[in-house]
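As provided, upload-v9.txt (compact mmCIF, N, CA and C atoms) reads as follows.
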```
# COMPACT_ATOMS: atom_id res chain seq x y z
N MET A 2 -8.96 89.92 -2.71
CA MET A 2 -8.13 88.91 -2.10
C MET A 2 -8.62 87.52 -2.53
N LYS A 3 -7.67 86.65 -2.86
CA LYS A 3 -7.98 85.32 -3.35
C LYS A 3 -7.31 84.28 -2.45
N GLU A 4 -8.01 83.17 -2.23
CA GLU A 4 -7.46 82.06 -1.44
C GLU A 4 -6.91 81.00 -2.39
N ALA A 5 -5.78 80.39 -2.02
CA ALA A 5 -5.19 79.32 -2.82
C ALA A 5 -4.66 78.24 -1.90
N VAL A 6 -4.76 76.99 -2.34
CA VAL A 6 -4.28 75.87 -1.55
C VAL A 6 -3.30 75.05 -2.37
N SER A 7 -2.16 74.74 -1.75
CA SER A 7 -1.15 73.88 -2.36
C SER A 7 -0.79 72.78 -1.37
N CYS A 8 -0.11 71.76 -1.88
CA CYS A 8 0.38 70.67 -1.04
C CYS A 8 1.78 70.30 -1.51
N GLY A 9 2.59 69.84 -0.56
CA GLY A 9 3.95 69.48 -0.91
C GLY A 9 4.54 68.46 0.03
N GLY A 10 5.80 68.15 -0.23
CA GLY A 10 6.43 67.11 0.57
C GLY A 10 7.86 67.42 0.96
N VAL A 11 8.20 66.92 2.15
CA VAL A 11 9.59 66.87 2.59
C VAL A 11 10.00 65.42 2.34
N VAL A 12 10.73 65.22 1.24
CA VAL A 12 11.11 63.87 0.82
C VAL A 12 12.49 63.55 1.39
N ILE A 13 12.57 62.42 2.11
CA ILE A 13 13.83 62.00 2.72
C ILE A 13 14.19 60.62 2.21
N PHE A 14 15.43 60.49 1.77
CA PHE A 14 15.96 59.18 1.38
C PHE A 14 17.32 59.02 2.02
N ARG A 15 17.47 57.95 2.81
CA ARG A 15 18.72 57.67 3.53
C ARG A 15 19.24 58.89 4.28
N GLY A 16 18.32 59.59 4.93
CA GLY A 16 18.68 60.72 5.79
C GLY A 16 18.88 62.04 5.07
N LYS A 17 18.81 62.03 3.75
CA LYS A 17 19.00 63.27 3.00
C LYS A 17 17.67 63.80 2.49
N VAL A 18 17.62 65.14 2.31
CA VAL A 18 16.38 65.85 1.99
C VAL A 18 16.41 66.37 0.55
N LEU A 19 15.30 66.17 -0.16
CA LEU A 19 15.18 66.64 -1.54
C LEU A 19 14.82 68.12 -1.57
N VAL A 20 15.62 68.92 -2.29
CA VAL A 20 15.31 70.33 -2.51
C VAL A 20 15.50 70.66 -4.00
N LEU A 21 14.80 71.71 -4.44
CA LEU A 21 14.82 72.12 -5.84
C LEU A 21 15.28 73.57 -5.96
N TYR A 22 16.01 73.86 -7.02
CA TYR A 22 16.44 75.24 -7.27
C TYR A 22 15.64 75.81 -8.42
N LYS A 23 14.94 76.91 -8.14
CA LYS A 23 14.10 77.56 -9.14
C LYS A 23 14.76 78.87 -9.58
N ASN A 24 14.71 79.11 -10.88
CA ASN A 24 15.24 80.37 -11.41
C ASN A 24 14.30 80.83 -12.52
N TYR A 25 13.44 81.79 -12.17
CA TYR A 25 12.48 82.32 -13.12
C TYR A 25 12.95 83.68 -13.60
N LYS A 26 13.53 83.71 -14.80
CA LYS A 26 13.99 84.95 -15.43
C LYS A 26 14.84 85.81 -14.50
N ASN A 27 15.63 85.17 -13.66
CA ASN A 27 16.50 85.82 -12.68
C ASN A 27 15.76 86.74 -11.71
N LYS A 28 14.43 86.64 -11.66
CA LYS A 28 13.64 87.44 -10.71
C LYS A 28 13.34 86.61 -9.47
N TYR A 29 12.92 85.38 -9.70
CA TYR A 29 12.58 84.50 -8.59
C TYR A 29 13.63 83.40 -8.58
N GLU A 30 14.52 83.46 -7.61
CA GLU A 30 15.59 82.47 -7.52
C GLU A 30 15.65 81.93 -6.11
N GLY A 31 15.89 80.64 -6.00
CA GLY A 31 16.13 80.08 -4.68
C GLY A 31 15.77 78.61 -4.57
N TRP A 32 16.25 78.00 -3.51
CA TRP A 32 15.99 76.59 -3.21
C TRP A 32 14.68 76.48 -2.46
N VAL A 33 13.87 75.50 -2.86
CA VAL A 33 12.54 75.31 -2.27
C VAL A 33 12.26 73.81 -2.11
N LEU A 34 11.21 73.53 -1.35
CA LEU A 34 10.68 72.18 -1.26
C LEU A 34 9.63 72.01 -2.36
N PRO A 35 9.45 70.80 -2.88
CA PRO A 35 8.45 70.60 -3.93
C PRO A 35 7.01 70.77 -3.41
N LYS A 36 6.23 71.55 -4.16
CA LYS A 36 4.83 71.77 -3.78
C LYS A 36 4.09 72.31 -4.99
N GLY A 37 2.74 72.25 -4.92
CA GLY A 37 1.96 72.80 -6.02
C GLY A 37 0.48 72.83 -5.71
N THR A 38 -0.27 73.37 -6.65
CA THR A 38 -1.69 73.66 -6.47
C THR A 38 -2.57 72.41 -6.55
N VAL A 39 -3.56 72.38 -5.69
CA VAL A 39 -4.55 71.31 -5.69
C VAL A 39 -5.44 71.47 -6.93
N GLU A 40 -5.58 70.39 -7.68
CA GLU A 40 -6.44 70.42 -8.86
C GLU A 40 -7.85 69.99 -8.48
N PRO A 41 -8.86 70.41 -9.25
CA PRO A 41 -10.25 70.05 -8.93
C PRO A 41 -10.42 68.53 -8.77
N GLY A 42 -11.09 68.15 -7.69
CA GLY A 42 -11.37 66.74 -7.42
C GLY A 42 -10.23 65.97 -6.77
N GLU A 43 -9.11 66.65 -6.53
CA GLU A 43 -7.93 66.00 -5.97
C GLU A 43 -7.90 66.16 -4.44
N ASP A 44 -7.52 65.10 -3.72
CA ASP A 44 -7.33 65.27 -2.28
C ASP A 44 -5.89 65.75 -2.04
N TYR A 45 -5.63 66.19 -0.83
CA TYR A 45 -4.33 66.81 -0.53
C TYR A 45 -3.16 65.83 -0.68
N LYS A 46 -3.34 64.58 -0.28
CA LYS A 46 -2.26 63.60 -0.40
C LYS A 46 -1.91 63.34 -1.86
N THR A 47 -2.93 63.22 -2.69
CA THR A 47 -2.71 62.99 -4.12
C THR A 47 -1.96 64.17 -4.74
N THR A 48 -2.37 65.39 -4.36
CA THR A 48 -1.69 66.58 -4.87
C THR A 48 -0.23 66.58 -4.46
N ALA A 49 0.04 66.31 -3.19
CA ALA A 49 1.42 66.33 -2.69
C ALA A 49 2.29 65.33 -3.46
N LEU A 50 1.81 64.11 -3.63
CA LEU A 50 2.58 63.10 -4.36
C LEU A 50 2.76 63.47 -5.83
N ARG A 51 1.70 63.98 -6.46
CA ARG A 51 1.78 64.38 -7.87
C ARG A 51 2.79 65.50 -8.06
N GLU A 52 2.72 66.51 -7.20
CA GLU A 52 3.62 67.66 -7.33
C GLU A 52 5.09 67.28 -7.10
N VAL A 53 5.34 66.42 -6.14
CA VAL A 53 6.71 65.95 -5.92
C VAL A 53 7.22 65.25 -7.18
N LYS A 54 6.39 64.37 -7.74
CA LYS A 54 6.78 63.63 -8.95
C LYS A 54 6.98 64.58 -10.13
N GLU A 55 6.04 65.51 -10.34
CA GLU A 55 6.14 66.43 -11.47
C GLU A 55 7.35 67.36 -11.36
N GLU A 56 7.54 67.95 -10.20
CA GLU A 56 8.59 68.96 -10.06
C GLU A 56 9.99 68.38 -9.95
N SER A 57 10.09 67.15 -9.40
CA SER A 57 11.42 66.61 -9.13
C SER A 57 11.70 65.27 -9.82
N GLY A 58 10.67 64.62 -10.32
CA GLY A 58 10.85 63.29 -10.89
C GLY A 58 10.98 62.19 -9.85
N ALA A 59 10.96 62.56 -8.58
CA ALA A 59 11.18 61.60 -7.49
C ALA A 59 9.91 60.81 -7.16
N ASP A 60 10.11 59.51 -6.93
CA ASP A 60 9.04 58.66 -6.43
C ASP A 60 9.14 58.63 -4.91
N ALA A 61 7.99 58.75 -4.26
CA ALA A 61 7.98 58.77 -2.80
C ALA A 61 6.65 58.23 -2.29
N THR A 62 6.61 57.94 -1.02
CA THR A 62 5.37 57.55 -0.38
C THR A 62 5.16 58.44 0.85
N ILE A 63 3.91 58.75 1.15
CA ILE A 63 3.62 59.60 2.30
C ILE A 63 3.71 58.79 3.58
N ILE A 64 4.41 59.35 4.54
CA ILE A 64 4.54 58.73 5.86
C ILE A 64 3.51 59.33 6.81
N ARG A 65 3.46 60.67 6.84
CA ARG A 65 2.45 61.34 7.67
C ARG A 65 2.38 62.83 7.35
N TYR A 66 1.26 63.41 7.79
CA TYR A 66 1.04 64.85 7.65
C TYR A 66 1.94 65.58 8.64
N ILE A 67 2.54 66.68 8.20
CA ILE A 67 3.41 67.45 9.08
C ILE A 67 2.70 68.68 9.64
N ASP A 68 2.27 69.57 8.76
CA ASP A 68 1.67 70.83 9.20
C ASP A 68 1.30 71.63 7.96
N LYS A 69 0.74 72.81 8.19
CA LYS A 69 0.48 73.71 7.07
C LYS A 69 1.21 75.01 7.31
N SER A 70 1.57 75.65 6.21
CA SER A 70 2.17 76.98 6.29
C SER A 70 1.26 77.94 5.56
N LYS A 71 1.34 79.22 5.94
CA LYS A 71 0.50 80.24 5.31
C LYS A 71 1.36 81.44 4.96
N TYR A 72 1.07 82.02 3.81
CA TYR A 72 1.74 83.26 3.41
C TYR A 72 0.90 83.96 2.36
N SER A 73 1.23 85.21 2.11
CA SER A 73 0.52 86.01 1.10
C SER A 73 1.53 86.57 0.11
N PHE A 74 1.05 86.78 -1.11
CA PHE A 74 1.88 87.40 -2.13
C PHE A 74 0.98 88.11 -3.13
N VAL A 75 1.57 88.97 -3.94
CA VAL A 75 0.81 89.71 -4.94
C VAL A 75 1.09 89.10 -6.31
N ALA A 76 0.01 88.80 -7.04
CA ALA A 76 0.13 88.29 -8.41
C ALA A 76 -0.79 89.13 -9.29
N SER A 77 -0.20 89.82 -10.24
CA SER A 77 -0.92 90.72 -11.14
C SER A 77 -1.96 91.57 -10.40
N THR A 78 -1.49 92.32 -9.45
CA THR A 78 -2.25 93.30 -8.63
C THR A 78 -3.27 92.69 -7.67
N GLU A 79 -3.31 91.37 -7.57
CA GLU A 79 -4.25 90.73 -6.65
C GLU A 79 -3.47 90.07 -5.50
N ILE A 80 -3.98 90.23 -4.28
CA ILE A 80 -3.34 89.59 -3.13
C ILE A 80 -3.84 88.15 -3.03
N ILE A 81 -2.89 87.24 -2.96
CA ILE A 81 -3.20 85.81 -2.84
C ILE A 81 -2.81 85.35 -1.44
N ASN A 82 -3.78 84.80 -0.70
CA ASN A 82 -3.50 84.17 0.59
C ASN A 82 -3.35 82.68 0.34
N LYS A 83 -2.15 82.17 0.54
CA LYS A 83 -1.87 80.78 0.22
C LYS A 83 -1.68 79.95 1.48
N GLN A 84 -2.23 78.74 1.43
CA GLN A 84 -2.09 77.76 2.49
C GLN A 84 -1.45 76.53 1.85
N VAL A 85 -0.36 76.03 2.46
CA VAL A 85 0.32 74.85 1.92
C VAL A 85 0.29 73.75 2.97
N HIS A 86 -0.22 72.59 2.58
CA HIS A 86 -0.25 71.41 3.45
C HIS A 86 0.97 70.55 3.13
N TRP A 87 1.74 70.20 4.17
CA TRP A 87 3.02 69.51 3.99
C TRP A 87 2.97 68.09 4.55
N TYR A 88 3.62 67.18 3.84
CA TYR A 88 3.71 65.78 4.25
C TYR A 88 5.17 65.33 4.34
N LEU A 89 5.45 64.50 5.32
CA LEU A 89 6.73 63.82 5.39
C LEU A 89 6.64 62.63 4.43
N MET A 90 7.63 62.51 3.54
CA MET A 90 7.62 61.45 2.54
C MET A 90 8.94 60.68 2.55
N MET A 91 8.84 59.40 2.24
CA MET A 91 10.01 58.57 2.09
C MET A 91 10.30 58.42 0.61
N GLY A 92 11.50 58.82 0.20
CA GLY A 92 11.92 58.64 -1.18
C GLY A 92 12.38 57.21 -1.41
N TYR A 93 12.39 56.79 -2.68
CA TYR A 93 12.80 55.43 -3.03
C TYR A 93 14.23 55.35 -3.55
N SER A 94 14.79 56.51 -3.92
CA SER A 94 16.17 56.55 -4.43
C SER A 94 16.64 58.01 -4.39
N TYR A 95 17.89 58.21 -4.79
CA TYR A 95 18.42 59.57 -4.88
C TYR A 95 18.08 60.23 -6.22
N PHE A 96 17.32 59.55 -7.06
CA PHE A 96 17.01 60.11 -8.37
C PHE A 96 16.15 61.37 -8.25
N SER A 97 16.53 62.39 -9.01
CA SER A 97 15.67 63.57 -9.18
C SER A 97 16.02 64.22 -10.51
N LYS A 98 15.01 64.80 -11.11
CA LYS A 98 15.17 65.49 -12.40
C LYS A 98 14.29 66.73 -12.34
N PRO A 99 14.89 67.92 -12.23
CA PRO A 99 14.08 69.14 -12.09
C PRO A 99 13.19 69.41 -13.31
N GLN A 100 11.99 69.87 -13.03
CA GLN A 100 11.00 70.17 -14.08
C GLN A 100 11.30 71.53 -14.70
N HIS A 101 11.89 71.52 -15.87
CA HIS A 101 12.30 72.78 -16.51
C HIS A 101 11.12 73.66 -16.90
N GLU A 102 9.95 73.07 -17.20
CA GLU A 102 8.77 73.87 -17.56
C GLU A 102 8.33 74.78 -16.41
N GLU A 103 8.65 74.38 -15.19
CA GLU A 103 8.32 75.20 -14.01
C GLU A 103 9.53 75.99 -13.52
N TYR A 104 10.55 76.08 -14.35
CA TYR A 104 11.76 76.88 -14.08
C TYR A 104 12.64 76.30 -12.99
N PHE A 105 12.55 75.00 -12.75
CA PHE A 105 13.49 74.35 -11.83
C PHE A 105 14.72 73.97 -12.65
N VAL A 106 15.88 74.41 -12.19
CA VAL A 106 17.10 74.19 -12.95
C VAL A 106 18.06 73.22 -12.25
N ASP A 107 17.79 72.88 -11.00
CA ASP A 107 18.63 71.94 -10.28
C ASP A 107 17.80 71.28 -9.19
N SER A 108 18.23 70.10 -8.77
CA SER A 108 17.58 69.40 -7.68
C SER A 108 18.56 68.40 -7.12
N GLY A 109 18.32 67.99 -5.88
CA GLY A 109 19.19 66.98 -5.29
C GLY A 109 18.83 66.72 -3.85
N TYR A 110 19.46 65.70 -3.32
CA TYR A 110 19.29 65.32 -1.91
C TYR A 110 20.49 65.83 -1.12
N TYR A 111 20.20 66.51 -0.03
CA TYR A 111 21.25 67.12 0.77
C TYR A 111 21.10 66.72 2.24
N LYS A 112 22.23 66.76 2.95
CA LYS A 112 22.17 66.54 4.39
C LYS A 112 21.25 67.60 4.99
N TYR A 113 20.64 67.27 6.13
CA TYR A 113 19.66 68.16 6.74
C TYR A 113 20.17 69.59 6.87
N HIS A 114 21.35 69.77 7.49
CA HIS A 114 21.83 71.14 7.73
C HIS A 114 22.11 71.88 6.42
N GLU A 115 22.52 71.16 5.38
CA GLU A 115 22.75 71.80 4.08
C GLU A 115 21.41 72.24 3.48
N ALA A 116 20.43 71.33 3.48
CA ALA A 116 19.11 71.65 2.94
C ALA A 116 18.49 72.84 3.69
N TYR A 117 18.62 72.82 5.01
CA TYR A 117 18.06 73.90 5.84
C TYR A 117 18.63 75.25 5.42
N HIS A 118 19.93 75.30 5.25
CA HIS A 118 20.57 76.58 4.91
C HIS A 118 20.36 76.98 3.45
N LEU A 119 20.11 75.99 2.59
CA LEU A 119 19.83 76.31 1.19
C LEU A 119 18.45 76.92 1.00
N LEU A 120 17.47 76.46 1.79
CA LEU A 120 16.08 76.89 1.59
C LEU A 120 15.93 78.40 1.69
N LYS A 121 15.17 78.95 0.75
CA LYS A 121 14.99 80.40 0.65
C LYS A 121 14.01 80.95 1.68
N PHE A 122 12.94 80.22 1.97
CA PHE A 122 11.85 80.75 2.79
C PHE A 122 11.85 80.20 4.21
N SER A 123 11.67 81.10 5.17
CA SER A 123 11.70 80.69 6.58
C SER A 123 10.57 79.72 6.92
N ASN A 124 9.39 79.87 6.28
CA ASN A 124 8.30 78.94 6.59
C ASN A 124 8.64 77.52 6.12
N GLU A 125 9.38 77.40 5.03
CA GLU A 125 9.80 76.07 4.57
C GLU A 125 10.89 75.50 5.48
N LYS A 126 11.73 76.37 6.02
CA LYS A 126 12.74 75.91 6.99
C LYS A 126 12.05 75.35 8.23
N GLN A 127 10.98 76.00 8.68
CA GLN A 127 10.24 75.52 9.85
C GLN A 127 9.60 74.16 9.57
N ILE A 128 9.04 74.00 8.38
CA ILE A 128 8.43 72.72 7.99
C ILE A 128 9.50 71.64 7.94
N LEU A 129 10.66 71.97 7.36
CA LEU A 129 11.75 71.00 7.29
C LEU A 129 12.18 70.58 8.70
N GLU A 130 12.27 71.53 9.62
CA GLU A 130 12.64 71.19 11.01
C GLU A 130 11.67 70.18 11.60
N LYS A 131 10.37 70.44 11.47
CA LYS A 131 9.34 69.54 12.01
C LYS A 131 9.41 68.17 11.35
N ALA A 132 9.51 68.16 10.03
CA ALA A 132 9.52 66.90 9.29
C ALA A 132 10.76 66.08 9.64
N TYR A 133 11.90 66.74 9.74
CA TYR A 133 13.12 65.99 10.02
C TYR A 133 13.12 65.43 11.44
N GLN A 134 12.54 66.17 12.37
CA GLN A 134 12.41 65.66 13.74
C GLN A 134 11.51 64.43 13.77
N GLU A 135 10.42 64.47 13.00
CA GLU A 135 9.54 63.30 12.87
C GLU A 135 10.31 62.11 12.32
N TYR A 136 11.09 62.37 11.27
CA TYR A 136 11.91 61.33 10.66
C TYR A 136 12.85 60.71 11.69
N LEU A 137 13.56 61.56 12.46
CA LEU A 137 14.49 61.05 13.46
C LEU A 137 13.78 60.25 14.55
N ASP A 138 12.60 60.71 14.97
CA ASP A 138 11.82 59.98 15.98
C ASP A 138 11.39 58.60 15.46
N LEU A 139 10.92 58.56 14.21
CA LEU A 139 10.50 57.29 13.61
C LEU A 139 11.70 56.34 13.46
N LYS A 140 12.83 56.90 13.05
CA LYS A 140 14.03 56.09 12.86
C LYS A 140 14.50 55.50 14.19
N LYS A 141 14.45 56.32 15.24
CA LYS A 141 14.87 55.86 16.57
C LYS A 141 14.00 54.70 17.06
N LYS A 142 12.73 54.72 16.68
CA LYS A 142 11.79 53.67 17.08
C LYS A 142 11.75 52.51 16.07
N ASN A 143 12.68 52.53 15.10
CA ASN A 143 12.72 51.53 14.02
C ASN A 143 11.43 51.47 13.22
N LEU A 144 10.77 52.62 13.05
CA LEU A 144 9.54 52.69 12.26
C LEU A 144 9.75 53.30 10.88
N TRP A 145 10.98 53.74 10.61
CA TRP A 145 11.31 54.28 9.28
C TRP A 145 11.89 53.13 8.47
N ILE A 146 11.01 52.39 7.82
CA ILE A 146 11.41 51.21 7.07
C ILE A 146 10.95 51.37 5.63
N SER A 147 11.84 51.08 4.72
CA SER A 147 11.50 51.20 3.30
C SER A 147 10.27 50.37 2.96
N HIS A 148 9.32 51.01 2.30
CA HIS A 148 8.07 50.35 1.94
C HIS A 148 8.10 49.75 0.54
N ARG A 149 9.28 49.67 -0.04
CA ARG A 149 9.36 49.17 -1.41
C ARG A 149 10.11 47.89 -1.47
```

Output the structure of this file as structure tokens.
Amino acid sequence: MKEAVSCGGVVIFRGKVLVLYKNYKNKYEGWVLPKGTVEPGEDYKTTALREVKEESGADATIIRYIDKSKYSFVASTEIINKQVHWYLMMGYSYFSKPQHEEYFVDSGYYKYHEAYHLLKFSNEKQILEKAYQEYLDLKKKNLWISHR
């Protein structure tokens, strides 16, 4: 059994959520939130911002930590226990460009309920729920202000 750590972001711009569509040889297909592996010497926030930029082309800033999700999967006969640390992020525009090298074939910003129903994994849906509630709370208090 191997442990792995990733970080990612729930990027929101003007109330819409960034999601990516991955299609790996028609075996792994579905809409996901941007995330990726922590590189040596990298802190979690740096990883989250780098992965969002690499996978989606989107520029964003971290607003706050949301939560972590955990799951296991098998990769070449080895069980991987993965932990993903998630951040609420503010996007700077609707721009996104899926990273084809990682098999992302589409990306975009969607209304909350659309993004929720598009997401493939229930743990990512739970993270989206928490992040979006944080966003709404901040907006209600006039604390969701563009930092650019």

Compile a residue-level contact table for stretch 68-98 of chain A against stretch 41-52 of chain A at a cut-off of 8 Å, reporting for every qualifying residue the shortest atom pair and its distance in Å to one decimal, with all atoms listed in the file counted, rows ordered by chain and ascending number, as JSON lines.
```
{"residue": "A:His86", "atom": "C", "partner": "A:Ala49", "partner_atom": "CA", "distance": 7.2}
{"residue": "A:Trp87", "atom": "CA", "partner": "A:Ala49", "partner_atom": "CA", "distance": 7.6}
{"residue": "A:Tyr88", "atom": "N", "partner": "A:Ala49", "partner_atom": "CA", "distance": 6.9}
```

Please give the complete set of residues from chain A that DSSP, run on the backbone, assigns to helix (DSSP H, G or I), formatted as a PyMOL selection string. chain A and resi 45-57+101-103+113-119+123-141

Restricting the output to N, CA and C atoms, write the selected residues as a short mmCIF file (atom, residue, chain, number, x, y, z; two decimals), keeping the file's coordinate frame.
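Okay, this is what ended up in out.cif:
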```
data_model
loop_
_atom_site.label_atom_id
_atom_site.label_comp_id
_atom_site.auth_asym_id
_atom_site.auth_seq_id
_atom_site.Cartn_x
_atom_site.Cartn_y
_atom_site.Cartn_z
N TYR A 45 -5.63 66.19 -0.83
CA TYR A 45 -4.33 66.81 -0.53
C TYR A 45 -3.16 65.83 -0.68
N LYS A 46 -3.34 64.58 -0.28
CA LYS A 46 -2.26 63.60 -0.40
C LYS A 46 -1.91 63.34 -1.86
N THR A 47 -2.93 63.22 -2.69
CA THR A 47 -2.71 62.99 -4.12
C THR A 47 -1.96 64.17 -4.74
N THR A 48 -2.37 65.39 -4.36
CA THR A 48 -1.69 66.58 -4.87
C THR A 48 -0.23 66.58 -4.46
N ALA A 49 0.04 66.31 -3.19
CA ALA A 49 1.42 66.33 -2.69
C ALA A 49 2.29 65.33 -3.46
N LEU A 50 1.81 64.11 -3.63
CA LEU A 50 2.58 63.10 -4.36
C LEU A 50 2.76 63.47 -5.83
N ARG A 51 1.70 63.98 -6.46
CA ARG A 51 1.78 64.38 -7.87
C ARG A 51 2.79 65.50 -8.06
N GLU A 52 2.72 66.51 -7.20
CA GLU A 52 3.62 67.66 -7.33
C GLU A 52 5.09 67.28 -7.10
N VAL A 53 5.34 66.42 -6.14
CA VAL A 53 6.71 65.95 -5.92
C VAL A 53 7.22 65.25 -7.18
N LYS A 54 6.39 64.37 -7.74
CA LYS A 54 6.78 63.63 -8.95
C LYS A 54 6.98 64.58 -10.13
N GLU A 55 6.04 65.51 -10.34
CA GLU A 55 6.14 66.43 -11.47
C GLU A 55 7.35 67.36 -11.36
N GLU A 56 7.54 67.95 -10.20
CA GLU A 56 8.59 68.96 -10.06
C GLU A 56 9.99 68.38 -9.95
N SER A 57 10.09 67.15 -9.40
CA SER A 57 11.42 66.61 -9.13
C SER A 57 11.70 65.27 -9.82
N HIS A 101 11.89 71.52 -15.87
CA HIS A 101 12.30 72.78 -16.51
C HIS A 101 11.12 73.66 -16.90
N GLU A 102 9.95 73.07 -17.20
CA GLU A 102 8.77 73.87 -17.56
C GLU A 102 8.33 74.78 -16.41
N GLU A 103 8.65 74.38 -15.19
CA GLU A 103 8.32 75.20 -14.01
C GLU A 103 9.53 75.99 -13.52
N TYR A 113 20.64 67.27 6.13
CA TYR A 113 19.66 68.16 6.74
C TYR A 113 20.17 69.59 6.87
N HIS A 114 21.35 69.77 7.49
CA HIS A 114 21.83 71.14 7.73
C HIS A 114 22.11 71.88 6.42
N GLU A 115 22.52 71.16 5.38
CA GLU A 115 22.75 71.80 4.08
C GLU A 115 21.41 72.24 3.48
N ALA A 116 20.43 71.33 3.48
CA ALA A 116 19.11 71.65 2.94
C ALA A 116 18.49 72.84 3.69
N TYR A 117 18.62 72.82 5.01
CA TYR A 117 18.06 73.90 5.84
C TYR A 117 18.63 75.25 5.42
N HIS A 118 19.93 75.30 5.25
CA HIS A 118 20.57 76.58 4.91
C HIS A 118 20.36 76.98 3.45
N LEU A 119 20.11 75.99 2.59
CA LEU A 119 19.83 76.31 1.19
C LEU A 119 18.45 76.92 1.00
N SER A 123 11.67 81.10 5.17
CA SER A 123 11.70 80.69 6.58
C SER A 123 10.57 79.72 6.92
N ASN A 124 9.39 79.87 6.28
CA ASN A 124 8.30 78.94 6.59
C ASN A 124 8.64 77.52 6.12
N GLU A 125 9.38 77.40 5.03
CA GLU A 125 9.80 76.07 4.57
C GLU A 125 10.89 75.50 5.48
N LYS A 126 11.73 76.37 6.02
CA LYS A 126 12.74 75.91 6.99
C LYS A 126 12.05 75.35 8.23
N GLN A 127 10.98 76.00 8.68
CA GLN A 127 10.24 75.52 9.85
C GLN A 127 9.60 74.16 9.57
N ILE A 128 9.04 74.00 8.38
CA ILE A 128 8.43 72.72 7.99
C ILE A 128 9.50 71.64 7.94
N LEU A 129 10.66 71.97 7.36
CA LEU A 129 11.75 71.00 7.29
C LEU A 129 12.18 70.58 8.70
N GLU A 130 12.27 71.53 9.62
CA GLU A 130 12.64 71.19 11.01
C GLU A 130 11.67 70.18 11.60
N LYS A 131 10.37 70.44 11.47
CA LYS A 131 9.34 69.54 12.01
C LYS A 131 9.41 68.17 11.35
N ALA A 132 9.51 68.16 10.03
CA ALA A 132 9.52 66.90 9.29
C ALA A 132 10.76 66.08 9.64
N TYR A 133 11.90 66.74 9.74
CA TYR A 133 13.12 65.99 10.02
C TYR A 133 13.12 65.43 11.44
N GLN A 134 12.54 66.17 12.37
CA GLN A 134 12.41 65.66 13.74
C GLN A 134 11.51 64.43 13.77
N GLU A 135 10.42 64.47 13.00
CA GLU A 135 9.54 63.30 12.87
C GLU A 135 10.31 62.11 12.32
N TYR A 136 11.09 62.37 11.27
CA TYR A 136 11.91 61.33 10.66
C TYR A 136 12.85 60.71 11.69
N LEU A 137 13.56 61.56 12.46
CA LEU A 137 14.49 61.05 13.46
C LEU A 137 13.78 60.25 14.55
N ASP A 138 12.60 60.71 14.97
CA ASP A 138 11.82 59.98 15.98
C ASP A 138 11.39 58.60 15.46
N LEU A 139 10.92 58.56 14.21
CA LEU A 139 10.50 57.29 13.61
C LEU A 139 11.70 56.34 13.46
N LYS A 140 12.83 56.90 13.05
CA LYS A 140 14.03 56.09 12.86
C LYS A 140 14.50 55.50 14.19
N LYS A 141 14.45 56.32 15.24
CA LYS A 141 14.87 55.86 16.57
C LYS A 141 14.00 54.70 17.06
#
```

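Comparing the minimum interatomic distances between A:Lys23 and each of A:Tyr113, A:Phe122, A:Phe105, A:Tyr133, counting only C-alpha atoms, we find that A:Phe105 sits nearest.
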
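The shell of residues at most 7 Å from A:Ser57, with only C-alpha atoms counted and near chain neighbours (fewer than 6 positions) removed, consists of Ser97, Lys98, Pro99, Gln100 and Ser108 of chain A.
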
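Relative to atom CA of A:Tyr93, atom CA of A:Asn124 is found at 25.8 Å.
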
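The coordinates place atom N of A:Asn24 at 8.2 Å from atom CA of A:Asp107.
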
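In this comparison, which uses only C-alpha atoms, the residue of A:Trp32, A:Phe14, A:Tyr25, A:Tyr136 approaching A:Glu115 most closely is A:Trp32.
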
Check chain A with DSSP on the backbone and list each residue it calls strand (DSSP E), as an NGL selection string.
:A and (3-14 or 17-25 or 29-33 or 36-38 or 61-76 or 79-92 or 105-111)

| task | Fewer than 3 positions away in the same chain doesn't count, so skip those; otherwise give me all residues within 10 Å of A:Ser73, counting only C-alpha atoms, as an NGL selection string. | result | :A and (2-5 or 76 or 80-84)

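Computed from the coordinates, the atom CA of A:Tyr29 to atom CA of A:Ser77 distance equals 15.1 Å.
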
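Distances here use all atoms listed in the file; by that measure, the residue among A:Gly37, A:Asn143, A:Gly10, A:Glu55 closest to A:His101 is A:Glu55.
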
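Each of A:Val85, A:Leu139, A:Val106, A:Leu34 was compared to A:Lys126 using only C-alpha atoms, and A:Leu34 turns out to be the nearest.
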
Practice task
Quick one: everything within 8 Å of A:Gly16, counting all atoms listed in the file, minus sequence neighbours fewer than 4 positions away in the same chain. Send it as a list of chain:residue names.
Solution key: A:Val12, A:Tyr110, A:Tyr111, A:Lys112, A:Tyr113

Using only C-alpha atoms, the residue out of A:Ile67, A:Val18, A:Val39, A:Val6 with shortest distance to A:Glu135 is A:Ile67
